[in-house]
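Dumped entry.txt below, it's compact mmCIF, C-alpha atoms and all ligand atoms:
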```txt
# COMPACT_ATOMS: atom_id res chain seq x y z
CA MET J 404 16.24 4.86 36.64
CA SER J 405 13.84 7.67 35.84
CA GLU J 406 10.43 7.00 34.33
CA LYS J 407 11.38 8.46 30.98
CA ASP J 408 13.91 5.62 30.53
CA LEU J 409 11.29 2.91 31.04
CA ARG J 410 9.88 0.95 28.13
CA PHE J 411 6.15 0.47 27.55
CA ASN J 412 5.94 -2.94 29.28
CA SER J 413 7.38 -1.37 32.44
CA LEU J 414 5.26 1.77 32.23
CA THR J 415 2.06 -0.28 32.42
CA ILE J 416 3.21 -1.35 35.90
CA HIS J 417 5.17 1.64 37.17
CA GLY J 418 4.19 4.63 35.00
CA GLY J 419 3.06 7.55 37.17
CA GLN J 420 2.97 5.34 40.30
CA GLN J 421 4.49 5.85 43.75
CA HIS J 422 4.37 3.72 46.86
CA GLU J 423 1.83 5.15 49.25
CA GLU J 424 3.56 7.53 51.67
CA ALA J 425 1.80 6.81 54.96
CA THR J 426 2.23 3.01 54.97
CA GLY J 427 4.51 2.14 52.06
CA ALA J 428 1.66 0.17 50.42
CA VAL J 429 3.00 -1.01 47.06
CA MET J 430 -0.42 -0.93 45.42
CA PRO J 431 -2.52 2.23 45.65
CA PRO J 432 -5.10 1.97 48.42
CA ILE J 433 -8.75 2.43 47.52
CA PHE J 434 -9.34 5.82 49.10
CA GLN J 435 -13.05 5.32 49.66
CA THR J 436 -13.70 8.81 50.93
CA SER J 437 -15.69 11.75 49.66
CA THR J 438 -13.83 14.40 51.66
CA TYR J 439 -10.55 15.25 53.44
CA ALA J 440 -9.86 16.90 56.82
CA GLN J 441 -8.57 20.47 56.82
CA SER J 442 -6.61 21.95 59.78
CA HIS J 443 -7.99 25.38 58.99
CA PRO J 444 -9.98 26.60 55.95
CA GLY J 445 -7.76 25.78 52.98
CA GLY J 446 -5.32 23.81 55.20
CA HIS J 447 -5.43 20.49 53.32
CA LYS J 448 -2.93 18.09 51.77
CA GLY J 449 -3.90 18.67 48.16
CA PHE J 450 -7.25 16.91 48.38
CA GLU J 451 -10.49 18.68 49.26
CA TYR J 452 -13.41 16.76 47.78
CA SER J 453 -13.42 13.55 45.73
CA ARG J 454 -15.31 14.95 42.74
CA THR J 455 -12.33 17.27 42.27
CA GLN J 456 -9.49 14.92 43.21
CA ASN J 457 -9.16 11.48 44.76
CA PRO J 458 -5.78 9.76 45.31
CA THR J 459 -6.83 6.42 43.77
CA ARG J 460 -8.30 8.17 40.73
CA MET J 461 -5.19 10.31 40.50
CA ALA J 462 -2.97 7.19 40.42
CA LEU J 463 -5.05 5.97 37.45
CA GLU J 464 -4.94 9.38 35.75
CA ASN J 465 -1.15 9.40 36.10
CA SER J 466 -0.98 5.89 34.68
CA ILE J 467 -2.97 6.69 31.51
CA ALA J 468 -0.90 9.83 30.93
CA SER J 469 2.27 7.77 31.27
CA ILE J 470 1.32 4.86 28.99
CA GLU J 471 -0.08 7.17 26.28
CA GLY J 472 3.00 9.40 26.40
CA ALA J 473 0.76 12.34 27.33
CA GLY J 474 1.23 15.18 29.77
CA TYR J 475 -2.08 14.76 31.61
CA GLY J 476 -4.72 12.13 32.39
CA LEU J 477 -8.40 12.32 33.39
CA ALA J 478 -10.76 9.57 34.50
CA PHE J 479 -14.56 9.49 34.13
CA GLY J 480 -17.50 7.29 35.01
CA SER J 481 -17.67 5.81 31.48
CA GLY J 482 -16.14 6.18 28.04
CA LEU J 483 -19.15 8.22 26.99
CA ALA J 484 -18.69 10.54 29.98
CA ALA J 485 -15.12 11.14 28.76
CA ILE J 486 -16.39 11.93 25.23
CA ASP J 487 -19.09 14.17 26.72
CA ALA J 488 -16.39 16.19 28.52
CA VAL J 489 -14.40 16.63 25.29
CA ILE J 490 -17.41 17.91 23.33
CA LYS J 491 -18.30 20.29 26.18
CA MET J 492 -15.15 22.25 25.30
CA LEU J 493 -17.04 23.45 22.20
CA GLU J 494 -19.44 26.38 21.73
CA PRO J 495 -22.68 26.60 19.74
CA GLY J 496 -21.73 27.06 16.07
CA ASP J 497 -18.56 24.97 16.36
CA GLU J 498 -18.16 22.01 14.02
CA VAL J 499 -16.75 18.52 14.42
CA ILE J 500 -15.60 16.25 11.60
CA SER J 501 -15.94 12.63 12.65
CA THR J 502 -15.32 9.27 11.04
CA ASN J 503 -18.62 7.81 9.80
CA ASP J 504 -17.63 4.35 11.03
CA LEU J 505 -17.81 4.81 14.77
CA TYR J 506 -19.26 3.37 17.94
CA GLY J 507 -23.05 3.81 17.94
CA GLY J 508 -23.11 5.38 21.41
CA THR J 509 -20.68 8.09 20.31
CA TYR J 510 -22.89 8.81 17.29
CA ARG J 511 -25.96 9.00 19.54
CA LEU J 512 -24.21 11.39 21.96
CA PHE J 513 -23.14 13.64 19.08
CA MET J 514 -26.47 13.68 17.26
CA GLN J 515 -29.10 13.33 19.97
CA ILE J 516 -27.48 15.32 22.77
CA PHE J 517 -24.97 17.83 21.40
CA SER J 518 -26.59 18.68 18.03
CA LYS J 519 -29.45 20.37 19.86
CA TYR J 520 -26.97 22.71 21.57
CA GLY J 521 -25.87 24.02 18.19
CA ILE J 522 -22.77 21.91 17.60
CA LYS J 523 -22.60 20.61 14.05
CA PHE J 524 -21.23 17.15 13.24
CA HIS J 525 -20.04 15.96 9.83
CA PHE J 526 -19.57 12.22 9.29
CA THR J 527 -17.26 11.03 6.56
CA GLY J 528 -15.03 8.18 5.51
CA MET J 529 -11.46 9.04 6.46
CA ALA J 530 -9.54 6.89 3.99
CA GLU J 531 -8.44 9.99 2.08
CA SER J 532 -7.31 13.06 3.99
CA GLU J 533 -8.58 15.29 1.11
CA THR J 534 -12.17 14.20 1.91
CA VAL J 535 -11.72 15.37 5.47
CA ALA J 536 -9.89 18.58 4.49
CA ALA J 537 -12.77 19.44 2.12
CA LEU J 538 -15.15 19.63 5.12
CA VAL J 539 -12.95 22.05 7.08
CA ASN J 540 -14.17 25.62 7.52
CA GLU J 541 -13.52 28.41 10.03
CA ASN J 542 -15.89 26.75 12.54
CA THR J 543 -14.05 23.41 12.57
CA LYS J 544 -12.76 22.87 16.10
CA LEU J 545 -12.32 19.13 16.40
CA ILE J 546 -11.55 16.09 14.29
CA TRP J 547 -12.78 12.81 15.78
CA VAL J 548 -11.02 9.61 14.78
CA GLU J 549 -11.71 6.06 15.91
CA THR J 550 -9.15 3.54 14.65
CA PRO J 551 -9.45 0.61 14.20
CA THR J 552 -13.10 1.41 13.60
CA ASN J 553 -15.92 -0.45 15.24
CA PRO J 554 -16.99 -2.88 13.84
CA MET J 555 -15.53 -2.70 10.31
CA MET J 556 -11.85 -2.62 11.38
CA ASN J 557 -10.95 0.19 9.02
CA ILE J 558 -7.69 1.89 9.86
CA ILE J 559 -7.42 5.67 9.74
CA ASP J 560 -4.02 7.28 9.20
CA ILE J 561 -3.54 9.26 12.42
CA GLU J 562 -0.54 11.24 11.13
CA ALA J 563 -2.49 12.33 8.05
CA MET J 564 -5.45 13.39 10.21
CA ALA J 565 -3.10 15.28 12.56
CA LYS J 566 -1.91 17.29 9.58
CA VAL J 567 -5.48 18.14 8.52
CA ALA J 568 -6.30 19.14 12.12
CA LYS J 569 -3.19 21.29 12.43
CA ASP J 570 -3.87 23.08 9.14
CA ALA J 571 -7.45 23.68 10.31
CA GLY J 572 -6.36 24.94 13.74
CA ALA J 573 -8.51 22.15 15.24
CA LEU J 574 -7.81 19.53 17.89
CA LEU J 575 -7.36 15.90 16.89
CA VAL J 576 -9.03 13.38 19.20
CA VAL J 577 -8.40 9.65 18.76
CA ASP J 578 -10.61 7.01 20.35
CA ASN J 579 -7.91 4.42 21.09
CA THR J 580 -10.23 1.90 22.74
CA PHE J 581 -9.69 -0.90 20.21
CA ALA J 582 -5.92 -0.56 19.81
CA THR J 583 -4.80 0.46 23.33
CA PRO J 584 -1.45 2.21 23.75
CA TYR J 585 0.26 -1.20 23.57
CA LEU J 586 -0.53 -1.26 19.85
CA GLN J 587 -0.74 2.43 18.96
CA ARG J 588 0.25 5.73 20.61
CA PRO J 589 -1.75 8.51 18.94
CA ILE J 590 -0.03 11.41 20.73
CA GLU J 591 3.31 10.41 19.16
CA LEU J 592 1.48 10.50 15.81
CA GLY J 593 0.20 14.04 16.37
CA ALA J 594 -3.08 13.68 18.32
CA ASP J 595 -4.00 16.21 21.01
CA ILE J 596 -6.36 14.01 23.05
CA VAL J 597 -6.62 10.24 23.33
CA MET J 598 -9.89 8.81 24.55
CA HIS J 599 -10.58 5.34 25.96
CA SER J 600 -13.51 3.30 26.96
CA ALA J 601 -11.33 1.72 29.66
CA THR J 602 -14.28 -0.60 30.19
CA LYS J 603 -12.66 -2.61 27.39
CA TYR J 604 -8.98 -3.64 27.08
CA LEU J 605 -7.49 -1.28 29.66
CA ALA J 606 -9.50 -2.62 32.59
CA GLY J 607 -9.64 -5.87 30.64
CA HIS J 608 -11.85 -8.10 32.80
CA SER J 609 -15.40 -6.96 31.99
CA ASP J 610 -15.94 -5.89 35.58
CA VAL J 611 -15.94 -2.11 35.36
CA VAL J 612 -17.33 0.77 33.27
CA LEU J 613 -14.87 3.67 33.05
CA GLY J 614 -13.55 6.29 30.63
CA LEU J 615 -10.15 7.92 30.29
CA LEU J 616 -8.58 10.84 28.49
CA ALA J 617 -4.87 11.39 27.92
CA VAL J 618 -4.05 14.95 26.92
CA LYS J 619 -0.90 16.36 25.36
CA ASP J 620 -0.98 20.02 26.45
CA LYS J 621 -1.68 21.77 29.73
CA GLU J 622 -4.02 24.38 28.27
CA VAL J 623 -6.38 21.72 26.87
CA ALA J 624 -6.01 19.57 30.01
CA ASP J 625 -6.95 22.50 32.26
CA ARG J 626 -10.14 23.11 30.27
CA LEU J 627 -10.99 19.42 30.64
CA TYR J 628 -10.20 19.32 34.39
CA PHE J 629 -12.59 22.25 34.78
CA ILE J 630 -15.33 20.34 32.92
CA GLN J 631 -14.58 17.12 34.82
CA ASN J 632 -15.08 18.91 38.13
CA SER J 633 -17.97 21.12 36.99
CA SER J 634 -20.03 18.41 35.26
CA GLY J 635 -18.95 15.80 37.78
CA ALA J 636 -19.03 12.58 35.71
CA VAL J 637 -16.15 11.06 37.67
CA CYS J 638 -15.47 7.41 38.47
CA GLY J 639 -15.25 6.07 42.01
CA PRO J 640 -12.07 4.90 43.78
CA MET J 641 -12.93 1.19 43.56
CA ASP J 642 -13.39 1.35 39.78
CA SER J 643 -10.20 3.42 39.49
CA PHE J 644 -8.34 0.72 41.40
CA LEU J 645 -9.73 -2.10 39.23
CA THR J 646 -8.77 -0.26 36.05
CA LEU J 647 -5.28 0.46 37.34
CA ARG J 648 -4.88 -3.21 38.20
CA GLY J 649 -6.02 -4.13 34.69
CA ILE J 650 -3.49 -1.78 33.09
CA LYS J 651 -0.65 -3.57 34.88
CA THR J 652 -1.21 -6.66 32.70
CA LEU J 653 -2.25 -4.81 29.53
CA HIS J 654 0.86 -5.75 27.55
CA VAL J 655 0.68 -9.48 28.25
CA ARG J 656 -3.05 -9.65 27.65
CA VAL J 657 -3.04 -7.71 24.39
CA GLN J 658 -0.13 -9.75 23.06
CA ARG J 659 -2.24 -12.90 23.52
CA HIS J 660 -5.38 -11.20 22.16
CA CYS J 661 -3.37 -10.46 19.01
CA GLU J 662 -2.10 -14.05 18.65
CA ASN J 663 -5.57 -15.50 19.12
CA GLY J 664 -7.15 -12.84 16.89
CA LYS J 665 -4.78 -13.74 14.05
CA ALA J 666 -5.54 -17.47 14.38
CA ILE J 667 -9.31 -16.85 14.38
CA ALA J 668 -9.16 -14.44 11.43
CA GLU J 669 -7.18 -17.00 9.41
CA TYR J 670 -9.56 -19.80 10.38
CA LEU J 671 -12.63 -17.77 9.37
CA ARG J 672 -11.10 -16.72 6.05
CA GLU J 673 -10.99 -20.38 4.99
CA HIS J 674 -14.49 -21.22 6.21
CA PRO J 675 -17.02 -22.06 3.45
CA GLN J 676 -19.90 -20.25 5.26
CA VAL J 677 -17.95 -17.01 5.57
CA GLU J 678 -18.12 -14.36 2.85
CA SER J 679 -15.50 -11.92 4.17
CA VAL J 680 -13.35 -11.32 7.24
CA TYR J 681 -12.42 -7.85 8.51
CA TRP J 682 -9.07 -7.89 10.29
CA PRO J 683 -6.29 -5.37 9.54
CA GLY J 684 -3.54 -8.00 9.62
CA PHE J 685 -4.44 -9.41 6.20
CA ASP J 686 -2.29 -8.16 3.28
CA SER J 687 -5.57 -7.80 1.39
CA HIS J 688 -7.07 -5.43 4.00
CA PRO J 689 -7.44 -2.04 2.28
CA ASN J 690 -5.57 -0.21 5.07
CA HIS J 691 -3.02 -2.92 5.87
CA ASP J 692 -0.04 -0.67 5.11
CA ILE J 693 -1.21 2.05 7.48
CA ALA J 694 -1.92 -0.58 10.14
CA ARG J 695 1.64 -1.91 9.77
CA ARG J 696 3.03 1.60 10.06
CA GLN J 697 1.07 2.91 13.02
CA MET J 698 0.28 -0.26 14.99
CA LYS J 699 2.59 -2.76 16.63
CA ASP J 700 0.27 -5.70 15.89
CA PHE J 701 -3.31 -6.10 14.68
CA GLY J 702 -5.41 -6.66 17.79
CA GLY J 703 -8.02 -9.18 18.86
CA MET J 704 -11.11 -7.70 17.21
CA VAL J 705 -12.36 -9.59 14.15
CA SER J 706 -15.61 -9.06 12.22
CA PHE J 707 -16.99 -11.35 9.53
CA ARG J 708 -19.90 -11.46 7.16
CA LEU J 709 -21.76 -14.71 6.48
CA LYS J 710 -22.48 -15.90 2.97
CA GLY J 711 -25.98 -14.70 2.00
CA ASP J 712 -25.75 -11.82 4.55
CA LYS J 713 -28.96 -12.86 6.31
CA LEU J 714 -30.03 -11.60 9.73
CA GLU J 715 -31.42 -15.00 10.78
CA ASP J 716 -28.14 -16.78 9.91
CA ALA J 717 -26.05 -14.30 11.91
CA VAL J 718 -28.46 -14.56 14.84
CA ALA J 719 -28.31 -18.38 14.68
CA VAL J 720 -24.48 -18.40 14.71
CA VAL J 721 -24.08 -16.00 17.65
CA SER J 722 -26.79 -17.83 19.59
CA LYS J 723 -25.07 -21.23 19.17
CA LEU J 724 -21.70 -20.12 20.51
CA LYS J 725 -20.73 -21.62 23.88
CA VAL J 726 -17.19 -20.51 24.73
CA PHE J 727 -17.80 -17.09 23.16
CA THR J 728 -20.50 -15.28 25.13
CA LEU J 729 -23.13 -13.34 23.19
CA ALA J 730 -22.84 -9.94 24.84
CA GLU J 731 -22.24 -6.25 24.32
CA SER J 732 -18.73 -4.95 24.97
CA LEU J 733 -15.26 -6.20 24.12
CA GLY J 734 -11.68 -6.30 25.33
CA GLY J 735 -12.10 -8.61 28.33
CA VAL J 736 -10.06 -11.77 28.91
CA GLU J 737 -13.10 -13.81 27.86
CA SER J 738 -14.23 -14.05 24.24
CA LEU J 739 -17.42 -12.23 23.29
CA ALA J 740 -19.53 -12.23 20.15
CA GLY J 741 -21.93 -9.56 19.01
CA HIS J 742 -24.36 -8.77 16.22
CA PRO J 743 -23.66 -5.07 15.53
CA ALA J 744 -26.82 -4.36 13.49
CA SER J 745 -29.09 -5.30 16.42
CA MET J 746 -26.75 -4.59 19.35
CA THR J 747 -23.91 -2.03 19.46
CA HIS J 748 -25.00 -0.19 16.30
CA ALA J 749 -28.79 -0.32 16.71
CA SER J 750 -28.79 3.42 17.52
CA ILE J 751 -27.37 4.29 14.08
CA PRO J 752 -30.01 4.80 11.35
CA VAL J 753 -30.16 1.78 8.97
CA GLU J 754 -29.12 3.82 5.90
CA GLU J 755 -26.06 5.17 7.78
CA ARG J 756 -24.93 1.78 9.05
CA LEU J 757 -25.39 0.11 5.65
CA LYS J 758 -23.15 2.78 4.07
CA THR J 759 -20.29 1.66 6.30
CA GLY J 760 -20.91 -2.07 5.77
CA VAL J 761 -22.75 -2.90 9.00
CA THR J 762 -25.16 -5.25 7.28
CA ASP J 763 -27.51 -7.81 8.84
CA GLY J 764 -25.12 -10.74 8.32
CA LEU J 765 -22.16 -9.15 10.09
CA VAL J 766 -20.80 -10.71 13.30
CA ARG J 767 -18.19 -9.07 15.53
CA LEU J 768 -15.85 -11.07 17.74
CA SER J 769 -13.79 -9.85 20.65
CA VAL J 770 -11.28 -12.67 20.75
CA GLY J 771 -10.25 -13.38 24.32
CA ILE J 772 -7.19 -15.07 25.77
CA GLU J 773 -8.59 -18.59 26.22
CA ASP J 774 -6.92 -21.54 24.49
CA VAL J 775 -7.34 -20.72 20.81
CA ASP J 776 -8.19 -24.32 19.88
CA ASP J 777 -11.27 -24.13 22.13
CA LEU J 778 -12.30 -20.89 20.43
CA ILE J 779 -11.92 -22.40 16.96
CA ALA J 780 -13.84 -25.54 17.98
CA ASP J 781 -16.65 -23.31 19.27
CA LEU J 782 -16.84 -21.35 15.99
CA GLU J 783 -16.75 -24.61 14.06
CA GLN J 784 -19.81 -26.02 15.85
CA ALA J 785 -21.70 -22.70 15.61
CA LEU J 786 -21.02 -22.28 11.88
CA SER J 787 -21.78 -25.87 10.94
C1 LIG J 801 -14.85 2.45 20.52
C2 LIG J 801 -15.70 2.82 21.70
N1 LIG J 801 -15.68 4.08 22.14
C3 LIG J 801 -16.44 4.46 23.21
C4 LIG J 801 -17.27 3.57 23.85
C5 LIG J 801 -18.11 4.04 25.01
O1 LIG J 801 -17.54 3.62 26.23
P1 LIG J 801 -18.37 3.22 27.54
O2 LIG J 801 -19.25 2.07 27.19
O3 LIG J 801 -17.30 2.90 28.55
O4 LIG J 801 -19.17 4.43 27.92
C6 LIG J 801 -17.31 2.24 23.41
C7 LIG J 801 -18.21 1.27 24.08
O5 LIG J 801 -18.46 0.20 23.56
C8 LIG J 801 -16.51 1.86 22.30
O6 LIG J 801 -16.53 0.61 21.83
```
The structure given in the file should be rewritten as structure tokens.
Ligand SMILES: Cc1ncc(COP(=O)(O)O)c(C=O)c1O
Amino acid sequence: MSEKDLRFNSLTIHGGQQHEEATGAVMPPIFQTSTYAQSHPGGHKGFEYSRTQNPTRMALENSIASIEGAGYGLAFGSGLAAIDAVIKMLEPGDEVISTNDLYGGTYRLFMQIFSKYGIKFHFTGMAESETVAALVNENTKLIWVETPTNPMMNIIDIEAMAKVAKDAGALLVVDNTFATPYLQRPIELGADIVMHSATKYLAGHSDVVLGLLAVKDKEVADRLYFIQNSSGAVCGPMDSFLTLRGIKTLHVRVQRHCENGKAIAEYLREHPQVESVYWPGFDSHPNHDIARRQMKDFGGMVSFRLKGDKLEDAVAVVSKLKVFTLAESLGGVESLAGHPASMTHASIPVEERLKTGVTDGLVRLSVGIEDVDDLIADLEQALS
């Protein structure tokens, strides 16, 4: 059976993988080497230096390309290093249109690093494609989408954004960290590049920091391989191995994250201390129809706002949790809670974060795969 006949739940395990030639090892060895012997100058076996290529990293790069339905994969030392490589394709004077509801670190990279090199960033809500199209001009080179958004769980219509990008002659990049390719495959919906903080669901065990890109076309991939090698923000073989191992169970983990996420969202919606719950699976969610269309399920990320919207109440709740750990990050097997205003989104100016709904009383949960009754009992004691 060739790889193109395999379904997603088989691709997570086999996509882009081969048994190792020398020994038949079923799992890719951790090639902990910086360099490779040459019989004469240029006489090598396809590997020269591990910044440029490493067999363990390559196994991971092939895996992400396979599960995203892309032509090419690239791995980096962090999600932000992957984003950094994408923006380095641009020239001074080029413009990017980005969702205004995005991860704070991405915003900081855009505004505090790349702005000073003459790249211009526009931030806008992306609920209506006309709003995005109105910002397009001859300098627009990239449209940056994060969906579901962090932490407000808005859903952006990827197909609609792909059309705006195509009309503008720009590339569409989708940060697929929250959804993972189990729930949503942006390249099939028209994206050119898919970006991941693999630190989250793909690696899945909160034990590695790593970034990935999946790229549709060779021309774009070649530009990115050049940047990957020239700037050098690559990941090591051990972290590549851990991420690849995580990807092999992605489908079973995310399925359970979705089941638990739904149960928690429904529990919170009924809770008297909770003002509103942000989870795209609710019929009442403003983008529920798009979520149904472009996602297979609704994920394990749930945000909620406490009645009164007070900082001290949100801080008290997250500090009382015992099964949920108060910590940055998301997407691991264990449940985490965060207070976006003071943690993940502290680098976004207050007026900007308030515009998108990141108020002081907002709590974000990364619902893990523990027994859901234990998670609900923990929320119950923390909210009481
Ligand atoms: C949606 C999203 N994109 C990108 C990143 C950055 O990834 P990393 O922390 O691996 O650099 C994060 C990190 O939290 C994220 O949540």
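Taking all atoms listed in the file into account, every polymer residue with at least one atom at most 6 Å away from ligand LIG 801 (chain J) is listed here: Ser481, Gly482, Leu483, Tyr506, Thr580, Ser600, Thr602, Val612, Leu613, Gly614 and Ser732 of chain J.
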Note to self: Which residue is closest to Glu678 of chain J? Choose from J:Phe524, J:Phe581, J:Phe701, J:Phe707 and count all atoms listed in the file.
What the structure shows: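 The answer is J:Phe707, which sits nearest to Glu678 of chain J.
You can rank J:Arg672, J:Lys448, J:Lys569, J:His417 by their closest distance to Ala468 of chain J using all atoms listed in the file, and at the top of that list sits J:His417.
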Item checked: From J:Ala462, J:Val770, J:Leu733, J:Val718, residue lying nearest Arg659 of chain J [all atoms listed in the file] ->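 Looking only at the distances to Arg659 of chain J, the closest residue turns out to be J:Val770.
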Checklist line | Long-range neighbours of His742 of chain J as a PyMOL selection string, 7 Å cut-off, all atoms listed in the file, 4 positions minimum in chain | finding: chain J and resi 746+765-767
Please dump the current selection as a short mmCIF file (atom, residue, chain, number, x, y, z; two decimals), keeping the file's coordinate frame; keep C-alpha atoms.
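Result went into out-v1.cif, see below:
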```cif
data_model
loop_
_atom_site.label_atom_id
_atom_site.label_comp_id
_atom_site.auth_asym_id
_atom_site.auth_seq_id
_atom_site.Cartn_x
_atom_site.Cartn_y
_atom_site.Cartn_z
CA MET J 746 -26.75 -4.59 19.35
CA LEU J 765 -22.16 -9.15 10.09
CA VAL J 766 -20.80 -10.71 13.30
CA ARG J 767 -18.19 -9.07 15.53
#
```
